[in-house]
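Student: So I've got this file, my_file-v2.cif, and it contains mmCIF, C-alpha atoms:
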```
data_final
#
loop_
_atom_site.group_PDB
_atom_site.id
_atom_site.type_symbol
_atom_site.label_atom_id
_atom_site.label_comp_id
_atom_site.auth_asym_id
_atom_site.auth_seq_id
_atom_site.Cartn_x
_atom_site.Cartn_y
_atom_site.Cartn_z
ATOM 1 C CA MET J 2 0.000 0.000 0.000
ATOM 2 C CA ARG J 3 2.922 2.309 0.675
ATOM 3 C CA PHE J 4 3.897 2.019 -2.992
ATOM 4 C CA LEU J 5 0.316 2.243 -4.243
ATOM 5 C CA SER J 6 -0.542 5.626 -2.706
ATOM 6 C CA PRO J 7 1.922 7.708 -4.776
ATOM 7 C CA LEU J 8 0.795 5.869 -7.878
ATOM 8 C CA VAL J 9 -2.869 6.575 -7.176
ATOM 9 C CA PHE J 10 -2.025 10.203 -6.461
ATOM 10 C CA SER J 11 -0.192 10.485 -9.792
ATOM 11 C CA LEU J 12 -3.149 8.972 -11.628
ATOM 12 C CA ILE J 13 -5.505 11.443 -10.004
ATOM 13 C CA LEU J 14 -3.294 14.323 -11.130
ATOM 14 C CA LEU J 15 -3.136 12.902 -14.641
ATOM 15 C CA ILE J 16 -6.904 12.490 -14.836
ATOM 16 C CA SER J 17 -7.521 15.988 -13.545
ATOM 17 C CA ALA J 18 -4.989 17.395 -16.011
ATOM 18 C CA CYS J 19 -7.027 15.878 -18.797
ATOM 19 C CA GLY J 20 -10.343 17.118 -17.411
ATOM 20 C CA PRO J 21 -12.825 19.446 -19.149
ATOM 21 C CA PHE J 22 -11.441 22.674 -17.681
ATOM 22 C CA SER J 23 -7.840 21.783 -18.493
ATOM 23 C CA LYS J 24 -8.794 21.022 -22.088
ATOM 24 C CA LEU J 25 -10.827 24.212 -22.348
ATOM 25 C CA GLU J 26 -8.012 26.303 -20.897
ATOM 26 C CA LYS J 27 -5.723 25.118 -23.701
ATOM 27 C CA SER J 28 -8.274 25.863 -26.405
ATOM 28 C CA THR J 29 -7.634 28.543 -29.035
ATOM 29 C CA ASN J 30 -11.290 28.731 -30.037
ATOM 30 C CA TRP J 31 -12.473 32.029 -28.555
ATOM 31 C CA GLU J 32 -16.195 31.133 -28.774
ATOM 32 C CA GLU J 33 -15.505 27.954 -26.851
ATOM 33 C CA LEU J 34 -13.542 29.952 -24.257
ATOM 34 C CA TYR J 35 -16.276 32.576 -24.054
ATOM 35 C CA ASN J 36 -19.063 30.056 -23.546
ATOM 36 C CA GLY J 37 -16.941 28.144 -21.061
ATOM 37 C CA ALA J 38 -16.175 31.266 -19.055
ATOM 38 C CA ASN J 39 -19.887 32.145 -18.908
ATOM 39 C CA LYS J 40 -20.742 28.567 -17.904
ATOM 40 C CA TYR J 41 -18.276 28.542 -15.018
ATOM 41 C CA TYR J 42 -19.482 31.987 -13.992
ATOM 42 C CA GLN J 43 -23.098 30.837 -13.844
ATOM 43 C CA GLU J 44 -22.044 27.773 -11.846
ATOM 44 C CA GLY J 45 -20.166 29.900 -9.306
ATOM 45 C CA GLU J 46 -16.739 28.610 -10.361
ATOM 46 C CA TYR J 47 -15.364 32.126 -10.341
ATOM 47 C CA ASN J 48 -11.646 31.345 -10.299
ATOM 48 C CA LYS J 49 -11.995 29.159 -13.371
ATOM 49 C CA ALA J 50 -14.145 31.799 -15.039
ATOM 50 C CA ILE J 51 -11.453 34.427 -14.392
ATOM 51 C CA ILE J 52 -8.814 32.272 -16.103
ATOM 52 C CA LEU J 53 -10.982 31.840 -19.200
ATOM 53 C CA TYR J 54 -12.113 35.483 -19.300
ATOM 54 C CA ASP J 55 -8.444 36.497 -19.135
ATOM 55 C CA LYS J 56 -7.911 34.569 -22.352
ATOM 56 C CA VAL J 57 -11.008 35.634 -24.224
ATOM 57 C CA LEU J 58 -11.463 39.312 -23.253
ATOM 58 C CA PRO J 59 -8.581 40.663 -25.365
ATOM 59 C CA VAL J 60 -10.037 38.821 -28.370
ATOM 60 C CA ILE J 61 -13.646 40.007 -28.023
ATOM 61 C CA LYS J 62 -12.825 43.568 -26.957
ATOM 62 C CA GLY J 63 -15.137 46.008 -28.764
ATOM 63 C CA SER J 64 -17.644 43.338 -29.741
ATOM 64 C CA GLU J 65 -21.227 42.923 -28.474
ATOM 65 C CA LYS J 66 -20.136 40.048 -26.276
ATOM 66 C CA ALA J 67 -17.523 42.128 -24.458
ATOM 67 C CA GLU J 68 -19.931 44.145 -22.304
ATOM 68 C CA MET J 69 -21.417 41.250 -20.354
ATOM 69 C CA ALA J 70 -18.092 39.422 -20.227
ATOM 70 C CA GLU J 71 -16.334 42.418 -18.695
ATOM 71 C CA TYR J 72 -19.073 42.871 -16.104
ATOM 72 C CA ASN J 73 -18.913 39.182 -15.212
ATOM 73 C CA TYR J 74 -15.124 39.411 -15.006
ATOM 74 C CA ALA J 75 -15.367 42.269 -12.495
ATOM 75 C CA ASN J 76 -17.990 40.397 -10.510
ATOM 76 C CA CYS J 77 -15.828 37.260 -10.426
ATOM 77 C CA HIS J 78 -13.186 39.251 -8.575
ATOM 78 C CA PHE J 79 -15.816 40.607 -6.207
ATOM 79 C CA LYS J 80 -17.207 37.140 -5.500
ATOM 80 C CA THR J 81 -13.712 35.870 -4.682
ATOM 81 C CA LYS J 82 -13.204 38.858 -2.321
ATOM 82 C CA ARG J 83 -10.515 40.525 -4.420
ATOM 83 C CA TYR J 84 -12.130 43.848 -3.675
ATOM 84 C CA ILE J 85 -9.432 46.216 -4.917
ATOM 85 C CA GLU J 86 -9.232 44.441 -8.278
ATOM 86 C CA ALA J 87 -13.021 44.283 -8.458
ATOM 87 C CA ALA J 88 -13.306 48.012 -7.769
ATOM 88 C CA GLY J 89 -10.916 48.776 -10.605
ATOM 89 C CA TYR J 90 -12.713 46.510 -13.076
ATOM 90 C CA PHE J 91 -16.171 47.844 -12.149
ATOM 91 C CA ASN J 92 -14.878 51.387 -12.561
ATOM 92 C CA ASN J 93 -13.383 50.557 -15.965
ATOM 93 C CA PHE J 94 -16.685 48.990 -16.984
ATOM 94 C CA TYR J 95 -18.607 52.117 -15.982
ATOM 95 C CA ARG J 96 -16.239 54.372 -17.910
ATOM 96 C CA THR J 97 -16.391 52.174 -20.994
ATOM 97 C CA TYR J 98 -20.123 51.410 -20.919
ATOM 98 C CA ASN J 99 -21.642 54.411 -19.144
ATOM 99 C CA ARG J 100 -24.817 54.076 -21.241
ATOM 100 C CA SER J 101 -25.209 50.401 -20.417
ATOM 101 C CA SER J 102 -28.141 49.104 -18.389
ATOM 102 C CA LEU J 103 -25.462 47.754 -16.042
ATOM 103 C CA ALA J 104 -23.681 51.098 -15.636
ATOM 104 C CA GLU J 105 -25.550 52.079 -12.466
ATOM 105 C CA GLU J 106 -24.904 48.725 -10.829
ATOM 106 C CA ALA J 107 -21.247 48.797 -11.890
ATOM 107 C CA LEU J 108 -20.686 52.217 -10.343
ATOM 108 C CA PHE J 109 -22.355 51.070 -7.139
ATOM 109 C CA MET J 110 -20.256 47.904 -7.067
ATOM 110 C CA HIS J 111 -17.127 50.019 -7.602
ATOM 111 C CA ALA J 112 -18.008 51.969 -4.455
ATOM 112 C CA TYR J 113 -19.158 48.895 -2.546
ATOM 113 C CA SER J 114 -15.924 47.028 -3.297
ATOM 114 C CA LEU J 115 -13.855 49.914 -1.957
ATOM 115 C CA TYR J 116 -16.116 50.101 1.082
ATOM 116 C CA LEU J 117 -15.608 46.418 1.872
ATOM 117 C CA ASP J 118 -11.845 46.871 1.548
ATOM 118 C CA ALA J 119 -11.806 49.873 3.909
ATOM 119 C CA PRO J 120 -9.878 49.124 7.129
ATOM 120 C CA ASP J 121 -10.928 49.456 10.757
ATOM 121 C CA TYR J 122 -10.923 52.974 12.206
ATOM 122 C CA ASN J 123 -7.602 52.525 14.024
ATOM 123 C CA LEU J 124 -5.691 51.937 10.764
ATOM 124 C CA ASP J 125 -4.715 54.320 7.984
ATOM 125 C CA GLN J 126 -7.881 55.668 6.357
ATOM 126 C CA GLN J 127 -6.628 56.645 2.899
ATOM 127 C CA SER J 128 -8.488 53.771 1.220
ATOM 128 C CA SER J 129 -11.590 54.723 3.210
ATOM 129 C CA GLN J 130 -11.352 58.213 1.744
ATOM 130 C CA GLU J 131 -11.283 56.651 -1.724
ATOM 131 C CA ALA J 132 -14.428 54.700 -0.821
ATOM 132 C CA VAL J 133 -16.139 57.909 0.322
ATOM 133 C CA SER J 134 -15.285 59.615 -2.981
ATOM 134 C CA ALA J 135 -16.655 56.640 -4.920
ATOM 135 C CA ILE J 136 -19.891 56.573 -2.898
ATOM 136 C CA GLN J 137 -20.353 60.319 -3.347
ATOM 137 C CA GLN J 138 -19.840 59.899 -7.085
ATOM 138 C CA PHE J 139 -22.519 57.203 -7.156
ATOM 139 C CA VAL J 140 -25.172 59.094 -5.148
ATOM 140 C CA THR J 141 -24.541 62.235 -7.211
ATOM 141 C CA ARG J 142 -24.812 60.361 -10.509
ATOM 142 C CA PHE J 143 -27.786 58.179 -9.518
ATOM 143 C CA PRO J 144 -29.812 60.007 -6.832
ATOM 144 C CA THR J 145 -32.958 57.988 -7.595
ATOM 145 C CA SER J 146 -31.230 54.615 -7.536
ATOM 146 C CA ALA J 147 -32.689 51.743 -5.521
ATOM 147 C CA SER J 148 -29.201 51.469 -3.989
ATOM 148 C CA PHE J 149 -29.137 55.124 -2.886
ATOM 149 C CA GLU J 150 -30.117 54.460 0.753
ATOM 150 C CA ARG J 151 -27.678 51.584 0.974
ATOM 151 C CA ALA J 152 -24.916 53.831 -0.321
ATOM 152 C CA MET J 153 -25.795 56.501 2.232
ATOM 153 C CA GLU J 154 -25.585 53.924 5.033
ATOM 154 C CA MET J 155 -22.121 52.964 3.791
ATOM 155 C CA LEU J 156 -21.154 56.633 3.782
ATOM 156 C CA LYS J 157 -22.481 57.062 7.319
ATOM 157 C CA ASP J 158 -20.486 54.055 8.497
ATOM 158 C CA LEU J 159 -17.266 55.388 6.974
ATOM 159 C CA GLU J 160 -17.829 58.807 8.524
ATOM 160 C CA SER J 161 -18.268 57.046 11.860
ATOM 161 C CA ARG J 162 -14.890 55.364 11.377
ATOM 162 C CA PHE J 163 -13.256 58.724 10.655
ATOM 163 C CA GLU J 164 -14.833 60.144 13.794
ATOM 164 C CA LYS J 165 -13.594 57.228 15.904
ATOM 165 C CA LYS J 166 -10.082 57.636 14.528
ATOM 166 C CA ALA J 167 -10.097 61.401 15.150
ATOM 167 C CA TYR J 168 -11.335 60.857 18.699
ATOM 168 C CA SER J 169 -8.699 58.179 19.275
ATOM 169 C CA GLU J 170 -5.976 60.582 18.105
ATOM 170 C CA ALA J 171 -7.327 63.332 20.353
ATOM 171 C CA GLN J 172 -7.208 60.974 23.328
ATOM 172 C CA MET J 173 -3.678 59.933 22.422
ATOM 173 C CA TYR J 174 -2.446 63.543 22.544
ATOM 174 C CA TYR J 175 -4.297 64.024 25.817
ATOM 175 C CA ARG J 176 -2.453 61.066 27.359
ATOM 176 C CA LEU J 177 0.918 62.220 26.011
ATOM 177 C CA LYS J 178 0.585 65.608 27.722
ATOM 178 C CA ASP J 179 1.707 63.922 30.936
ATOM 179 C CA GLY J 180 5.048 62.919 29.391
ATOM 180 C CA LEU J 181 8.484 64.513 29.438
ATOM 181 C CA PHE J 182 7.712 67.289 26.957
ATOM 182 C CA PRO J 183 4.128 68.353 27.661
ATOM 183 C CA GLY J 184 4.263 71.724 25.894
ATOM 184 C CA ASP J 185 4.050 70.333 22.375
ATOM 185 C CA PHE J 186 1.230 67.987 23.350
ATOM 186 C CA TYR J 187 -0.735 70.742 25.104
ATOM 187 C CA ARG J 188 -0.691 72.642 21.828
ATOM 188 C CA ALA J 189 -1.512 69.494 19.830
ATOM 189 C CA CYS J 190 -4.460 68.785 22.163
ATOM 190 C CA ILE J 191 -5.869 72.274 21.712
ATOM 191 C CA VAL J 192 -5.631 72.125 17.927
ATOM 192 C CA ASN J 193 -6.971 68.565 17.838
ATOM 193 C CA PHE J 194 -9.944 69.212 20.123
ATOM 194 C CA GLN J 195 -10.949 72.334 18.193
ATOM 195 C CA ASN J 196 -10.632 70.612 14.821
ATOM 196 C CA PHE J 197 -12.664 67.660 16.068
ATOM 197 C CA ALA J 198 -15.543 69.947 17.064
ATOM 198 C CA LYS J 199 -15.453 71.609 13.620
ATOM 199 C CA ASP J 200 -15.289 68.334 11.698
ATOM 200 C CA TYR J 201 -17.848 66.458 13.818
ATOM 201 C CA PRO J 202 -20.234 69.066 15.270
ATOM 202 C CA GLU J 203 -22.840 66.410 16.151
ATOM 203 C CA SER J 204 -20.450 64.015 17.875
ATOM 204 C CA LYS J 205 -21.276 62.711 21.338
ATOM 205 C CA HIS J 206 -17.625 63.298 22.288
ATOM 206 C CA ASN J 207 -17.705 67.084 21.898
ATOM 207 C CA GLU J 208 -18.831 67.819 25.438
ATOM 208 C CA GLU J 209 -16.013 65.743 26.930
ATOM 209 C CA LEU J 210 -13.401 67.285 24.637
ATOM 210 C CA ALA J 211 -14.694 70.811 25.360
ATOM 211 C CA TYR J 212 -14.131 70.126 29.064
ATOM 212 C CA LYS J 213 -10.650 68.753 28.392
ATOM 213 C CA LEU J 214 -9.929 71.810 26.253
ATOM 214 C CA VAL J 215 -10.443 74.001 29.326
ATOM 215 C CA GLU J 216 -8.176 71.758 31.388
ATOM 216 C CA VAL J 217 -5.420 71.649 28.763
ATOM 217 C CA GLY J 218 -5.798 75.357 27.979
ATOM 218 C CA PHE J 219 -5.143 76.231 31.622
ATOM 219 C CA ALA J 220 -2.136 73.885 31.903
ATOM 220 C CA TYR J 221 -0.679 75.203 28.629
ATOM 221 C CA ALA J 222 -1.029 78.808 29.783
ATOM 222 C CA LYS J 223 0.313 78.147 33.269
ATOM 223 C CA ASN J 224 3.477 76.579 31.860
ATOM 224 C CA SER J 225 4.016 79.233 29.178
ATOM 225 C CA THR J 226 6.803 81.780 29.014
ATOM 226 C CA PHE J 227 6.116 85.193 30.538
ATOM 227 C CA ASP J 228 5.507 86.996 27.247
ATOM 228 C CA LYS J 229 2.938 84.409 26.011
ATOM 229 C CA LYS J 230 1.199 83.688 29.278
ATOM 230 C CA GLU J 231 -1.457 86.405 29.258
ATOM 231 C CA ASP J 232 -2.775 85.570 25.791
ATOM 232 C CA ARG J 233 -2.954 81.862 26.620
ATOM 233 C CA LEU J 234 -4.691 82.492 29.939
ATOM 234 C CA ASN J 235 -7.272 84.574 28.066
ATOM 235 C CA ASP J 236 -7.726 81.678 25.637
ATOM 236 C CA ALA J 237 -8.336 79.292 28.542
ATOM 237 C CA ILE J 238 -10.999 81.621 29.956
ATOM 238 C CA LYS J 239 -12.638 81.786 26.516
ATOM 239 C CA PHE J 240 -12.656 77.973 26.371
ATOM 240 C CA ALA J 241 -14.494 77.914 29.717
ATOM 241 C CA ASN J 242 -17.053 80.515 28.598
ATOM 242 C CA ASN J 243 -17.693 78.592 25.381
ATOM 243 C CA PHE J 244 -18.204 75.454 27.415
ATOM 244 C CA TYR J 245 -20.849 77.101 29.643
ATOM 245 C CA ARG J 246 -22.629 78.446 26.579
ATOM 246 C CA LYS J 247 -22.726 75.113 24.736
ATOM 247 C CA TYR J 248 -23.287 72.796 27.704
ATOM 248 C CA PRO J 249 -25.172 74.695 30.436
ATOM 249 C CA GLU J 250 -26.298 71.506 32.186
ATOM 250 C CA SER J 251 -23.149 69.425 31.789
ATOM 251 C CA GLY J 252 -21.869 66.997 34.372
ATOM 252 C CA PHE J 253 -18.401 68.485 33.761
ATOM 253 C CA THR J 254 -19.414 71.980 34.886
ATOM 254 C CA THR J 255 -17.938 71.675 38.397
ATOM 255 C CA GLU J 256 -14.548 70.648 37.006
ATOM 256 C CA VAL J 257 -14.634 73.358 34.356
ATOM 257 C CA LYS J 258 -15.418 75.943 37.034
ATOM 258 C CA LYS J 259 -12.446 74.732 39.051
ATOM 259 C CA PHE J 260 -10.074 75.189 36.089
ATOM 260 C CA GLU J 261 -11.598 78.574 35.282
ATOM 261 C CA ASN J 262 -10.993 79.782 38.866
ATOM 262 C CA GLN J 263 -7.412 78.544 38.743
ATOM 263 C CA THR J 264 -6.966 80.341 35.429
ATOM 264 C CA ARG J 265 -8.297 83.608 36.823
ATOM 265 C CA ARG J 266 -6.050 83.364 39.888
ATOM 266 C CA GLU J 267 -3.115 82.659 37.619
ATOM 267 C CA MET J 268 -4.076 85.702 35.554
ATOM 268 C CA GLU J 269 -4.196 87.939 38.648
ATOM 269 C CA ALA J 270 -0.764 86.759 39.728
ATOM 270 C CA HIS J 271 0.603 87.213 36.231
ATOM 271 C CA LEU J 272 -0.795 90.753 35.899
ATOM 272 C CA GLN J 273 0.702 91.624 39.285
ATOM 273 C CA ASP J 274 4.083 90.277 38.166
ATOM 274 C CA LYS J 275 3.708 92.189 34.912
ATOM 275 C CA LYS J 276 2.932 95.418 36.810
ATOM 276 C CA GLU J 277 5.877 94.963 39.142
ATOM 277 C CA TYR J 278 8.148 94.199 36.242
ATOM 278 C CA ALA J 279 7.010 97.352 34.441
ATOM 279 C CA GLU J 280 7.617 99.404 37.600
ATOM 280 C CA ARG J 281 11.130 97.991 37.952
ATOM 281 C CA LEU J 282 11.843 98.810 34.324
ATOM 282 C CA ALA J 283 10.573 102.343 34.819
ATOM 283 C CA ALA J 284 12.666 102.811 37.959
ATOM 284 C CA GLN J 285 15.705 101.432 36.213
ATOM 285 C CA SER J 286 15.131 103.818 33.327
ATOM 286 C CA VAL J 287 15.153 106.756 35.760
ATOM 287 C CA VAL J 288 18.413 105.532 37.275
ATOM 288 C CA ASP J 289 19.971 105.025 33.864
ATOM 289 C CA ALA J 290 18.902 108.506 32.744
ATOM 290 C CA ALA J 291 20.368 110.095 35.859
ATOM 291 C CA GLN J 292 23.653 108.273 35.388
ATOM 292 C CA ASN J 293 23.838 109.403 31.773
ATOM 293 C CA GLU J 294 23.335 113.021 32.834
ATOM 294 C CA ASN J 295 26.264 112.723 35.243
#
```
Would you put the structure from the file into structure tokens?
Tutor:
Amino acid sequence: MRFLSPLVFSLILLISACGPFSKLEKSTNWEELYNGANKYYQEGEYNKAIILYDKVLPVIKGSEKAEMAEYNYANCHFKTKRYIEAAGYFNNFYRTYNRSSLAEEALFMHAYSLYLDAPDYNLDQQSSQEAVSAIQQFVTRFPTSASFERAMEMLKDLESRFEKKAYSEAQMYYRLKDGLFPGDFYRACIVNFQNFAKDYPESKHNEELAYKLVEVGFAYAKNSTFDKKEDRLNDAIKFANNFYRKYPESGFTTEVKKFENQTRREMEAHLQDKKEYAERLAAQSVVDAAQNEN
């Protein structure tokens, strides 16, 4: 039996090599290849269909048979989860056959393929941006499509991923502010929190980030150099006032009030230091003038 197994295995390989698909793959008859590709496509044998379409498509390009074959070819890649390739082929189909009855579906499938390939929110979102552009192209071109609502749900989901990533980045900067070089991260937090509110005005995270903006604004101002301190303290007070205006019944109000009071006390101390410094400069100027006269 030990000697029989390799022999049986070799026979199986030989038989399969002489099977219908193998014979068809070697054919030079384009009609036979075309019909075979369509047959395997209808049977769900998409990998085999791709191999045969690869052979026949260059031959039938520009003919009446090419339109359906090219759509099937794109869909074969989609069915085998080769979403990037599928997106490209569906897009090429739409550009080539934009008057086809399949044009609308092809443009949707172009967008849908990119959507399915889009990564989770914590990864780079460049491909997600491409999916958004494709979906926007579809809904603009076919606003009455039966797939319009589905496309809008896809768009909403992608926007949610962008929001999650932006929030995650904001939280990252917030955590890094407690490191060795907090100044840069204070500034990054302020910019990030403000941009988040502009980009996602309806986000549930805005109230939390508005509170943290007051906290970070105060810390940034407190640790600033003398000449920049007053402006940054004023910014922190503005952040607090904006918070009260937007969230009058917030659970963060007590904490915001605490940071605002600290900011105002810091401002009083700073203005006193500034006044004393100005008085010393004035006194020194008098001394210097008197010495110059002598």
Student: Apply the PyMOL selection byres ((chain J and resi 200-217) around 9) to the file shown and report the selected residues as a PyMOL selection string.
Tutor: chain J and resi 164+168+171-172+175+178+187-188+190-191+194-199+218-222+236-241+243-244+247-248+251+253-254+256-257+260-261
Student: Which residues fall under the PyMOL selection byres ((chain J and resi 137-154) around 12) in this file, as a ChimeraX atom specification?
Tutor: /J:92,95,99,104-116,130-136,155-161
Student: Ranking J:Gln43, J:Ser101, J:Asn73, J:Asn224 by minimum distance to Asp55 in chain J and counting all atoms listed in the file, which one comes first?
Tutor: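 Counting all atoms listed in the file, the residue closest to Asp55 in chain J is J:Asn73.
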Student: For range 266-281 of chain J, find every residue with an atom within 9 Å (counting all atoms listed in the file), except residues of its own chain fewer than 3 positions away, and show them as a list in words.
Tutor: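 Using all atoms listed in the file, the neighbours found are Ala222, Lys223, Phe227, Lys230, Glu231, Leu234, Asn235, Glu261, Asn262, Gln263, Ala284, Gln285 and Ser286 of chain J.
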Student: Kindly give the distance, in Å, that separates CA of Leu25 in chain J and CA of Ala67 in chain J, rounded to a single decimal.
Tutor: 19.2 Å
Student: From the list J:Asn30, J:Lys49, J:Tyr42, J:Met69, which residue is nearest Phe94 in chain J when using only C-alpha atoms?
Tutor: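 Selected residue with least distance to Phe94 in chain J: J:Met69.
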Student: Between J:Glu26, J:Glu44, J:Glu170, J:Glu86, single out the one closest to Val57 in chain J, counting all atoms listed in the file.
Tutor: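 Between J:Glu26, J:Glu44, J:Glu170, J:Glu86, the residue approaching Val57 in chain J most closely is J:Glu26.
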Student: Kindly indicate which residue among J:Gly252, J:Lys66, J:Leu117, J:Tyr54 lies nearest to Lys82 in chain J, using only C-alpha atoms for the distances.
Tutor: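 Going through J:Gly252, J:Lys66, J:Leu117, J:Tyr54 one by one, the smallest distance to Lys82 in chain J is for J:Leu117.
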Student: I'd like the contact shell of Ile52 in chain J - 9 Å cut-off, all atoms listed in the file, skipping same-chain residues fewer than 4 positions apart - returned as a JSON list (two decimals) with C-alpha atoms, in the coordinates of the input.
Tutor:
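After the write, selection_32.json holds the following:
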```json
[["chain", "number", "residue", "atom", "x", "y", "z"],
["J", 26, "GLU", "CA", -8.01, 26.30, -20.90],
["J", 38, "ALA", "CA", -16.18, 31.27, -19.06],
["J", 47, "TYR", "CA", -15.36, 32.13, -10.34],
["J", 48, "ASN", "CA", -11.65, 31.34, -10.30],
["J", 56, "LYS", "CA", -7.91, 34.57, -22.35]]
```
Student: Once 8 Å is added on each side, what are the centre and the three edge lengths, in Å to one decimal, of the axis-aligned box enclosing the listed atoms of range 139-144 of chain J? Present them as JSON.
Tutor:
```
{"center_x": -26.2, "center_y": 59.7, "center_z": -7.8, "size_x": 23.3, "size_y": 21.0, "size_z": 21.4}
```
Student: Compile the contact shell of Ile85 in chain J as a list in words: residues with an atom at most 8 Å away, counting all atoms listed in the file, same-chain residues fewer than 2 positions apart removed.
Tutor: Arg83, Ala87, Ala88, Gly89, Ser114, Leu115 and Asp118 of chain J
Student: Nearest residue to Asn39 in chain J out of J:Leu177, J:Phe91, J:Ala283, J:Ile51, using all atoms listed in the file?
Tutor: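 Under the stated criterion, the closest residue is J:Ile51.
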Student: Go ahead and compute the interatomic distance for CA of Ala70 in chain J and CA of Leu58 in chain J, in Å to one decimal.
Tutor: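 If I compute the distance from CA of Ala70 in chain J to CA of Leu58 in chain J, I get 7.3 Å.
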